[in-house]
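What follows is one structure encoded as structure tokens, with my remarks underneath.
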Amino acid sequence: MQKAKVRKVSTETLTSNLPEERREQLCASLGNVELTLLYKASVHGYKASAFHKRCDRRGPTLLVAYNRSGYIFGGYTSVDYARSGQEITDEEVFLFSFKSGTSSYIKINSGYNARYDDANGPNFGQQLYFCHNNQPVVYHQGGHAFSINTSSMYGDDTQLSECEVYKVEPEVSVEEKPWRNVLWTPERRAELIGLIQNHKPLMTSVSQVRILMIGPVGAGKSSFFNSINSIFTGHVTSKAMSGSAGTSLTVQFRTYPVKDGREGKPLPFVLCDTMGLEEQSGAGLDIEDISSILQGHVPDRYKFNPMAPFQPDEQKASRPASLQEKIHCVVYVIDATKISIMPDKLQEKLASIRRKVNSLGITQIVLMTKVDEACPLVEENLQSLYVSSYIKSKVQEVSSRLGVPVSCVLPVKNYSQELELELNCDVLLLTALQQMLRFADDYFDDIRSVEGNPK
């Protein structure tokens with residue numbers, strides 16, 4: 001793993017107290033990042049006004065506190081401090097503690113706010129307050145946002161010897177040569193459109209490849225359909241409901257055919273959208289529902305019930321679905337900005353789904369979305385995607401976490417706030433769709449080889 005760098009603020013010399021070993025441990029949780037020391041209480045004072053002057057509107061930050069009992073502890077938040085007077089929701093927030101050879105990380109409990117964004121000193125969950133009352137003190141108020149044991153977190157020693165805040169940003173480094181080759185040209189875009197328009201599934205009994213999108217809430221499943229639909233419509237559209245709500249905006253199973261132009265013929269694929277996955281049981285898409293979808297039993301517009309999986313009627317259950325009705329390729333949609341803090345329970349759900357999909361022999365791909373939000377280099381120029389070391393590391397991390405080959409992880413940027421189509425966006429999206437159609441053909445090829453086997 002590449003080491004994160006600690007920059008010094010250019011206007012003055014600030015020396016970080018964070019030991020190298022601890023810094024590396026924290027950066028392993030945050031990915032390949034650079035840490036810029038913004039605030040140091042022994043230099044700038046423990047007053048809340050000094051903290052806000054140096055840390056407001058600086059993006060994601062890492063607070064590191066120290067006491068004389070030898071504890072190093074604090075928290076990370078991905079949301080700016082802004083003295084907004086608002087409750088802040090932040091799924092990426094976490095607390096940490098180091099002492100001697102031990103370390104612990106505490107994620108936020110489901111359903112709680114990460115902090116209250118006011119003019120006082122930094123707090124986590126309105127539960128743990130640093131530089132409390134403008135003093136070198138940490139104060140634990142109690143509460144349920146984080147499961148905190150003050151004895152193990154900071155030895156019940158509330159006096160701070162130092163408090164530092166770092167700006168956290170992706171390490172911007174460039175590969176000597178692209179780690180994947182892409183032609184960012186109008187000609188390549190036109191070629192991909194032609195290949196997709198003229199695609200014919202290997203199985204003659206199948207007229208349209210059915211591609212199932214699965215992923216956490218807000219990862220961009222519906223946005224991917226909207227983006228593909230936009231390309232073939234000729235302008236940005238928003239047919240499927242998409243957004244960034246805390247719970248799934250998709251509550252029905254939807255099958256979305258795409259037309260070649262507004263009045264054109266249907267293209268040879270159907271994108272199937274599902275309810276988002278959620279980490280807690282009894283919420284989001286049920287794994288039993290996914291099994292029914294894969295095998296072609298769930299009808300379009302079926303409304304999901306997280307408390308009760310789909311039950312086919314007896315007449316349909318008695319006959320197997322045709323190959324045309326089944327799913328031919330599964331696509332896991334993962335947000336590039338949230339890979340490193342994917343909850344364990346969500347990862348376990350994805351692993352269970354993968355096992356089921358594997359048992360049915362269906363091909364699988366990972367769509368890694370929001371690459372522009374994950375890397376400043378890519379945000380500036382999408383053509384920098386395949387020379388970005390940070391994006392490369394995220395692709396490798398997705399591969400490791402989901403247990404899929406690196407070659408099956410496809411980074412894309414969906415259309416979200418754009419009003420017009422953009423060449424680089426289109427090339428990435430069409431390349432991903434073309435790979436899905438190829439993978440579906442691999443599935444059909446396996447079926448043909450089994451049917452052709454005399455056994």
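Labeling convention for the structure tokens: chains A, B, ... as they appear, residues from 1 per chain, ligands from 1 in order of appearance.
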For Glu164 in chain A: contacts at 9 Å, only C-alpha atoms, fewer than 3 positions along chain excluded, given as a list in words: Ser16, Asn17, Leu18, Leu37, Leu38, Tyr39, Lys40, Ala41, Ser42, Leu62, Leu63, Val64, Ala65 and Tyr66 of chain A
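For the residues A:Arg22, A:Lys99, A:Arg355, A:Arg254, ranking by smallest atom-to-atom distance to Met213 in chain A using only C-alpha atoms places A:Arg254 first.
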A:Val172, A:Ala28, A:Ala48, A:Ile287 ranked by distance to Glu379 in chain A, top pick (using only C-alpha atoms):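 Using only C-alpha atoms, the shortest distance to Glu379 in chain A belongs to A:Val172.
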Extract, using only C-alpha atoms, all DNA, RNA and protein residues at most 12 Å from range 110-112 of chain A, discarding same-chain residues fewer than 2 positions from it, and format them as a PDB file with N, CA and C atoms, in the first residue's frame.
ATOM      1  N   GLU A  87     -28.135  19.031  11.990  1.00  0.00           N
ATOM      2  CA  GLU A  87     -27.714  17.653  12.266  1.00  0.00           C
ATOM      3  C   GLU A  87     -27.066  17.107  10.991  1.00  0.00           C
ATOM      4  N   ILE A  88     -25.934  16.465  11.123  1.00  0.00           N
ATOM      5  CA  ILE A  88     -25.196  15.975   9.958  1.00  0.00           C
ATOM      6  C   ILE A  88     -25.303  14.455   9.863  1.00  0.00           C
ATOM      7  N   THR A  89     -25.735  13.990   8.699  1.00  0.00           N
ATOM      8  CA  THR A  89     -25.733  12.562   8.397  1.00  0.00           C
ATOM      9  C   THR A  89     -24.457  12.232   7.629  1.00  0.00           C
ATOM     10  N   ASP A  90     -23.739  11.232   8.057  1.00  0.00           N
ATOM     11  CA  ASP A  90     -22.466  10.875   7.413  1.00  0.00           C
ATOM     12  C   ASP A  90     -22.216   9.384   7.624  1.00  0.00           C
ATOM     13  N   GLU A  91     -22.471   8.585   6.600  1.00  0.00           N
ATOM     14  CA  GLU A  91     -22.292   7.134   6.712  1.00  0.00           C
ATOM     15  C   GLU A  91     -20.821   6.739   6.828  1.00  0.00           C
ATOM     16  N   GLU A  92     -19.914   7.659   6.454  1.00  0.00           N
ATOM     17  CA  GLU A  92     -18.485   7.340   6.451  1.00  0.00           C
ATOM     18  C   GLU A  92     -17.795   7.658   7.775  1.00  0.00           C
ATOM     19  N   VAL A  93     -18.496   8.336   8.682  1.00  0.00           N
ATOM     20  CA  VAL A  93     -17.892   8.751   9.945  1.00  0.00           C
ATOM     21  C   VAL A  93     -17.457   7.539  10.763  1.00  0.00           C
ATOM     22  N   LYS A 107     -17.709   2.267  14.193  1.00  0.00           N
ATOM     23  CA  LYS A 107     -18.592   2.845  13.179  1.00  0.00           C
ATOM     24  C   LYS A 107     -19.863   3.370  13.844  1.00  0.00           C
ATOM     25  N   ILE A 108     -20.535   4.269  13.162  1.00  0.00           N
ATOM     26  CA  ILE A 108     -21.765   4.837  13.710  1.00  0.00           C
ATOM     27  C   ILE A 108     -22.880   3.804  13.680  1.00  0.00           C
ATOM     28  N   ALA A 114     -24.325  11.816  12.587  1.00  0.00           N
ATOM     29  CA  ALA A 114     -22.888  11.732  12.841  1.00  0.00           C
ATOM     30  C   ALA A 114     -22.418  12.806  13.816  1.00  0.00           C
ATOM     31  N   ARG A 115     -23.001  14.001  13.723  1.00  0.00           N
ATOM     32  CA  ARG A 115     -22.588  15.106  14.602  1.00  0.00           C
ATOM     33  C   ARG A 115     -23.555  16.267  14.432  1.00  0.00           C
ATOM     34  N   TYR A 116     -23.412  17.239  15.336  1.00  0.00           N
ATOM     35  CA  TYR A 116     -24.171  18.481  15.235  1.00  0.00           C
ATOM     36  C   TYR A 116     -23.209  19.572  14.796  1.00  0.00           C
ATOM     37  N   PHE A 124     -18.713  14.318  17.948  1.00  0.00           N
ATOM     38  CA  PHE A 124     -19.124  13.140  17.178  1.00  0.00           C
ATOM     39  C   PHE A 124     -20.359  12.545  17.846  1.00  0.00           C
ATOM     40  N   GLY A 125     -21.473  12.537  17.097  1.00  0.00           N
ATOM     41  CA  GLY A 125     -22.719  11.960  17.578  1.00  0.00           C
ATOM     42  C   GLY A 125     -23.354  12.727  18.721  1.00  0.00           C
ATOM     43  N   GLN A 126     -22.965  14.021  18.886  1.00  0.00           N
ATOM     44  CA  GLN A 126     -23.416  14.788  20.065  1.00  0.00           C
ATOM     45  C   GLN A 126     -23.191  13.961  21.330  1.00  0.00           C
ATOM     46  N   GLN A 127     -22.076  13.272  21.316  1.00  0.00           N
ATOM     47  CA  GLN A 127     -21.784  12.285  22.354  1.00  0.00           C
ATOM     48  C   GLN A 127     -20.357  12.464  22.874  1.00  0.00           C
ATOM     49  N   GLY A 143     -25.004   8.615  25.185  1.00  0.00           N
ATOM     50  CA  GLY A 143     -25.773   8.588  23.943  1.00  0.00           C
ATOM     51  C   GLY A 143     -25.591   7.266  23.244  1.00  0.00           C
ATOM     52  N   HIS A 144     -26.197   7.153  22.050  1.00  0.00           N
ATOM     53  CA  HIS A 144     -26.238   5.847  21.383  1.00  0.00           C
ATOM     54  C   HIS A 144     -25.722   5.876  19.947  1.00  0.00           C
ATOM     55  N   ALA A 145     -25.264   7.038  19.471  1.00  0.00           N
ATOM     56  CA  ALA A 145     -24.787   7.111  18.081  1.00  0.00           C
ATOM     57  C   ALA A 145     -23.585   6.192  17.874  1.00  0.00           C
ATOM     58  N   PHE A 146     -22.664   6.192  18.850  1.00  0.00           N
ATOM     59  CA  PHE A 146     -21.489   5.322  18.815  1.00  0.00           C
ATOM     60  C   PHE A 146     -21.475   4.472  20.084  1.00  0.00           C
ATOM     61  N   SER A 147     -21.039   3.234  19.942  1.00  0.00           N
ATOM     62  CA  SER A 147     -20.912   2.353  21.118  1.00  0.00           C
ATOM     63  C   SER A 147     -19.530   2.568  21.722  1.00  0.00           C
ATOM     64  N   GLY A 246     -31.426   8.426   1.791  1.00  0.00           N
ATOM     65  CA  GLY A 246     -30.854   7.454   2.710  1.00  0.00           C
ATOM     66  C   GLY A 246     -31.435   6.068   2.536  1.00  0.00           C
ATOM     67  N   THR A 247     -32.663   5.969   2.029  1.00  0.00           N
ATOM     68  CA  THR A 247     -33.262   4.668   1.746  1.00  0.00           C
ATOM     69  C   THR A 247     -33.574   4.587   0.250  1.00  0.00           C
ATOM     70  N   GLU A 278     -29.374  -2.807   1.754  1.00  0.00           N
ATOM     71  CA  GLU A 278     -29.079  -2.108   3.002  1.00  0.00           C
ATOM     72  C   GLU A 278     -28.468  -3.103   3.975  1.00  0.00           C
ATOM     73  N   GLU A 279     -27.642  -2.591   4.898  1.00  0.00           N
ATOM     74  CA  GLU A 279     -26.888  -3.503   5.758  1.00  0.00           C
ATOM     75  C   GLU A 279     -27.759  -4.220   6.791  1.00  0.00           C
ATOM     76  N   GLN A 280     -28.781  -3.525   7.329  1.00  0.00           N
ATOM     77  CA  GLN A 280     -29.568  -4.156   8.379  1.00  0.00           C
ATOM     78  C   GLN A 280     -30.570  -5.146   7.790  1.00  0.00           C
ATOM     79  N   SER A 281     -30.882  -6.178   8.555  1.00  0.00           N
ATOM     80  CA  SER A 281     -31.878  -7.147   8.109  1.00  0.00           C
ATOM     81  C   SER A 281     -33.258  -6.502   8.184  1.00  0.00           C
ATOM     82  N   ALA A 283     -34.499  -4.675   5.866  1.00  0.00           N
ATOM     83  CA  ALA A 283     -34.488  -3.408   5.120  1.00  0.00           C
ATOM     84  C   ALA A 283     -33.804  -3.643   3.788  1.00  0.00           C
ATOM     85  N   PRO A 343     -19.877  -1.264   5.112  1.00  0.00           N
ATOM     86  CA  PRO A 343     -20.155  -2.008   6.342  1.00  0.00           C
ATOM     87  C   PRO A 343     -19.984  -3.518   6.154  1.00  0.00           C
ATOM     88  N   LYS A 345     -21.691  -5.974   7.289  1.00  0.00           N
ATOM     89  CA  LYS A 345     -22.939  -6.688   7.000  1.00  0.00           C
ATOM     90  C   LYS A 345     -23.342  -6.556   5.544  1.00  0.00           C
TER      91      LYS A 345
END
Selected residue, from A:Gly218, A:Glu373, A:Pro299, A:Glu171, that lies nearest to Asn32 in chain A when counting only C-alpha atoms: A:Glu171
Which of A:Ile231, A:Ala82, A:Leu128, A:Ala351 sits closest to Glu420 in chain A [using only C-alpha atoms]: A:Ile231
Å distance separating CA of Ile196 in chain A from CA of Leu267 in chain A, one decimal place: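 Taking CA of Ile196 in chain A as the start and CA of Leu267 in chain A as the end point, the length is 7.7 Å.
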Give me the residues within 7 Å of range 324-334 of chain A as a PDB file with C-alpha atoms, in the first residue's frame, counting only C-alpha atoms and dropping any in the same chain fewer than 2 places off.
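around.pdb, written as the output of this step:
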ATOM      1  CA  SER A 205     -34.310 -18.046 -28.288  1.00  0.00           C
ATOM      2  CA  VAL A 206     -33.227 -14.777 -26.614  1.00  0.00           C
ATOM      3  CA  VAL A 209     -30.061  -9.654 -22.948  1.00  0.00           C
ATOM      4  CA  ARG A 210     -31.435  -9.134 -19.429  1.00  0.00           C
ATOM      5  CA  ILE A 211     -28.929  -7.342 -17.177  1.00  0.00           C
ATOM      6  CA  LEU A 212     -29.683  -7.151 -13.435  1.00  0.00           C
ATOM      7  CA  MET A 213     -28.334  -4.157 -11.462  1.00  0.00           C
ATOM      8  CA  ILE A 214     -27.637  -4.851  -7.758  1.00  0.00           C
ATOM      9  CA  GLY A 215     -26.029  -2.506  -5.255  1.00  0.00           C
ATOM     10  CA  ALA A 219     -24.714   3.718  -5.548  1.00  0.00           C
ATOM     11  CA  GLY A 220     -26.135   4.676  -8.956  1.00  0.00           C
ATOM     12  CA  LYS A 221     -28.141   1.745 -10.380  1.00  0.00           C
ATOM     13  CA  LEU A 294     -32.419 -14.365 -11.336  1.00  0.00           C
ATOM     14  CA  GLN A 295     -34.633 -17.307 -12.234  1.00  0.00           C
ATOM     15  CA  GLY A 296     -37.158 -15.135 -14.086  1.00  0.00           C
ATOM     16  CA  ALA A 321     -39.173 -19.661 -16.628  1.00  0.00           C
ATOM     17  CA  SER A 322     -37.884 -19.519 -20.212  1.00  0.00           C
ATOM     18  CA  ALA A 336     -16.090   4.519  -5.523  1.00  0.00           C
ATOM     19  CA  ILE A 362     -24.519 -16.315 -14.420  1.00  0.00           C
ATOM     20  CA  THR A 363     -21.692 -13.964 -15.400  1.00  0.00           C
ATOM     21  CA  GLN A 364     -20.910 -11.005 -13.140  1.00  0.00           C
ATOM     22  CA  ILE A 365     -19.404  -7.529 -13.513  1.00  0.00           C
ATOM     23  CA  VAL A 366     -18.778  -4.665 -11.088  1.00  0.00           C
ATOM     24  CA  LEU A 367     -19.667  -1.112 -12.112  1.00  0.00           C
ATOM     25  CA  MET A 368     -17.645   1.358 -10.011  1.00  0.00           C
ATOM     26  CA  THR A 369     -19.517   4.677 -10.078  1.00  0.00           C
ATOM     27  CA  MET A 436     -22.002  -6.680 -20.167  1.00  0.00           C
ATOM     28  CA  PHE A 439     -20.315 -11.455 -20.588  1.00  0.00           C
ATOM     29  CA  ALA A 440     -23.917 -12.450 -21.303  1.00  0.00           C
ATOM     30  CA  TYR A 443     -23.186 -17.295 -20.168  1.00  0.00           C
TER      31      TYR A 443
END
Atomic distance CA of Gly121 in chain A - CA of Tyr76 in chain A, expressed in Å with one decimal: 14.5 Å
Going by DSSP on the backbone, which residues of range 207-239 of chain A come out as alpha helix (DSSP H)? List them as a JSON list (two decimals) with N, CA, C and O atoms, in the first residue's frame.
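Result file follows (result.json):
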[["chain", "number", "residue", "atom", "x", "y", "z"],
["A", 221, "LYS", "N", -27.54, 2.72, -9.46],
["A", 221, "LYS", "CA", -28.14, 1.74, -10.38],
["A", 221, "LYS", "C", -29.10, 2.43, -11.35],
["A", 221, "LYS", "O", -28.99, 2.27, -12.57],
["A", 222, "SER", "N", -30.06, 3.17, -10.79],
["A", 222, "SER", "CA", -31.04, 3.85, -11.64],
["A", 222, "SER", "C", -30.37, 4.91, -12.50],
["A", 222, "SER", "O", -30.76, 5.14, -13.66],
["A", 223, "SER", "N", -29.34, 5.56, -11.96],
["A", 223, "SER", "CA", -28.61, 6.58, -12.73],
["A", 223, "SER", "C", -27.90, 5.98, -13.93],
["A", 223, "SER", "O", -27.76, 6.63, -14.97],
["A", 224, "PHE", "N", -27.45, 4.72, -13.81],
["A", 224, "PHE", "CA", -26.79, 4.07, -14.96],
["A", 224, "PHE", "C", -27.79, 3.86, -16.08],
["A", 224, "PHE", "O", -27.50, 4.15, -17.25],
["A", 225, "PHE", "N", -28.99, 3.38, -15.74],
["A", 225, "PHE", "CA", -30.01, 3.24, -16.78],
["A", 225, "PHE", "C", -30.31, 4.60, -17.43],
["A", 225, "PHE", "O", -30.36, 4.71, -18.66],
["A", 226, "ASN", "N", -30.50, 5.63, -16.61],
["A", 226, "ASN", "CA", -30.79, 6.96, -17.14],
["A", 226, "ASN", "C", -29.68, 7.43, -18.08],
["A", 226, "ASN", "O", -29.94, 8.06, -19.11],
["A", 227, "SER", "N", -28.44, 7.12, -17.72],
["A", 227, "SER", "CA", -27.29, 7.54, -18.53],
["A", 227, "SER", "C", -27.26, 6.82, -19.87],
["A", 227, "SER", "O", -27.04, 7.44, -20.92],
["A", 228, "ILE", "N", -27.48, 5.50, -19.85],
["A", 228, "ILE", "CA", -27.50, 4.73, -21.11],
["A", 228, "ILE", "C", -28.68, 5.19, -21.97],
["A", 228, "ILE", "O", -28.55, 5.38, -23.19],
["A", 229, "ASN", "N", -29.83, 5.38, -21.35],
["A", 229, "ASN", "CA", -31.00, 5.85, -22.08],
["A", 229, "ASN", "C", -30.74, 7.23, -22.71],
["A", 229, "ASN", "O", -31.17, 7.50, -23.83],
["A", 230, "SER", "N", -30.01, 8.07, -21.99],
["A", 230, "SER", "CA", -29.68, 9.40, -22.50],
["A", 230, "SER", "C", -28.84, 9.32, -23.77],
["A", 230, "SER", "O", -29.08, 10.05, -24.74],
["A", 231, "ILE", "N", -27.85, 8.43, -23.77],
["A", 231, "ILE", "CA", -26.97, 8.31, -24.93],
["A", 231, "ILE", "C", -27.76, 7.93, -26.18],
["A", 231, "ILE", "O", -27.58, 8.52, -27.25],
["A", 232, "PHE", "N", -28.66, 6.96, -26.04],
["A", 232, "PHE", "CA", -29.40, 6.49, -27.23],
["A", 232, "PHE", "C", -30.59, 7.39, -27.57],
["A", 232, "PHE", "O", -31.08, 7.35, -28.69],
["A", 233, "THR", "N", -31.03, 8.21, -26.61],
["A", 233, "THR", "CA", -32.09, 9.18, -26.89],
["A", 233, "THR", "C", -31.51, 10.43, -27.56],
["A", 233, "THR", "O", -32.18, 11.10, -28.33]]
Selected residue of minimal separation from Pro411 in chain A among A:Thr77, A:Ser151, A:Thr337, A:Ser291, counting only C-alpha atoms: A:Thr337
Range 117-209 of chain A: residues DSSP assigns to strand (DSSP E), reported as a list of chain:residue names: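 Matching residues for strand (DSSP E) in range 117-209 of chain A are A:Asp117, A:Asn123, A:Phe124, A:Leu128, A:Tyr129, A:Phe130, A:Val138, A:Tyr139, A:His140, A:Leu160, A:Ser161, A:Glu162, A:Cys163, A:Glu164, A:Val165, A:Tyr166, A:Lys167, A:Val168, A:Glu169, A:Pro170, A:Val209.
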Spatial neighbours of Leu402 in chain A, max dist 9 Å, only C-alpha atoms, sep filter under 2 positions, as a ChimeraX atom specification: /A:347,350-351,354,366,397-400,404
Best match for closeness to Pro266 in chain A among A:Asn109, A:Ser388, A:Ser69, A:Gln197, counting only C-alpha atoms: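 Checking each of A:Asn109, A:Ser388, A:Ser69, A:Gln197 against Pro266 in chain A, counting only C-alpha atoms, the winner is A:Gln197.
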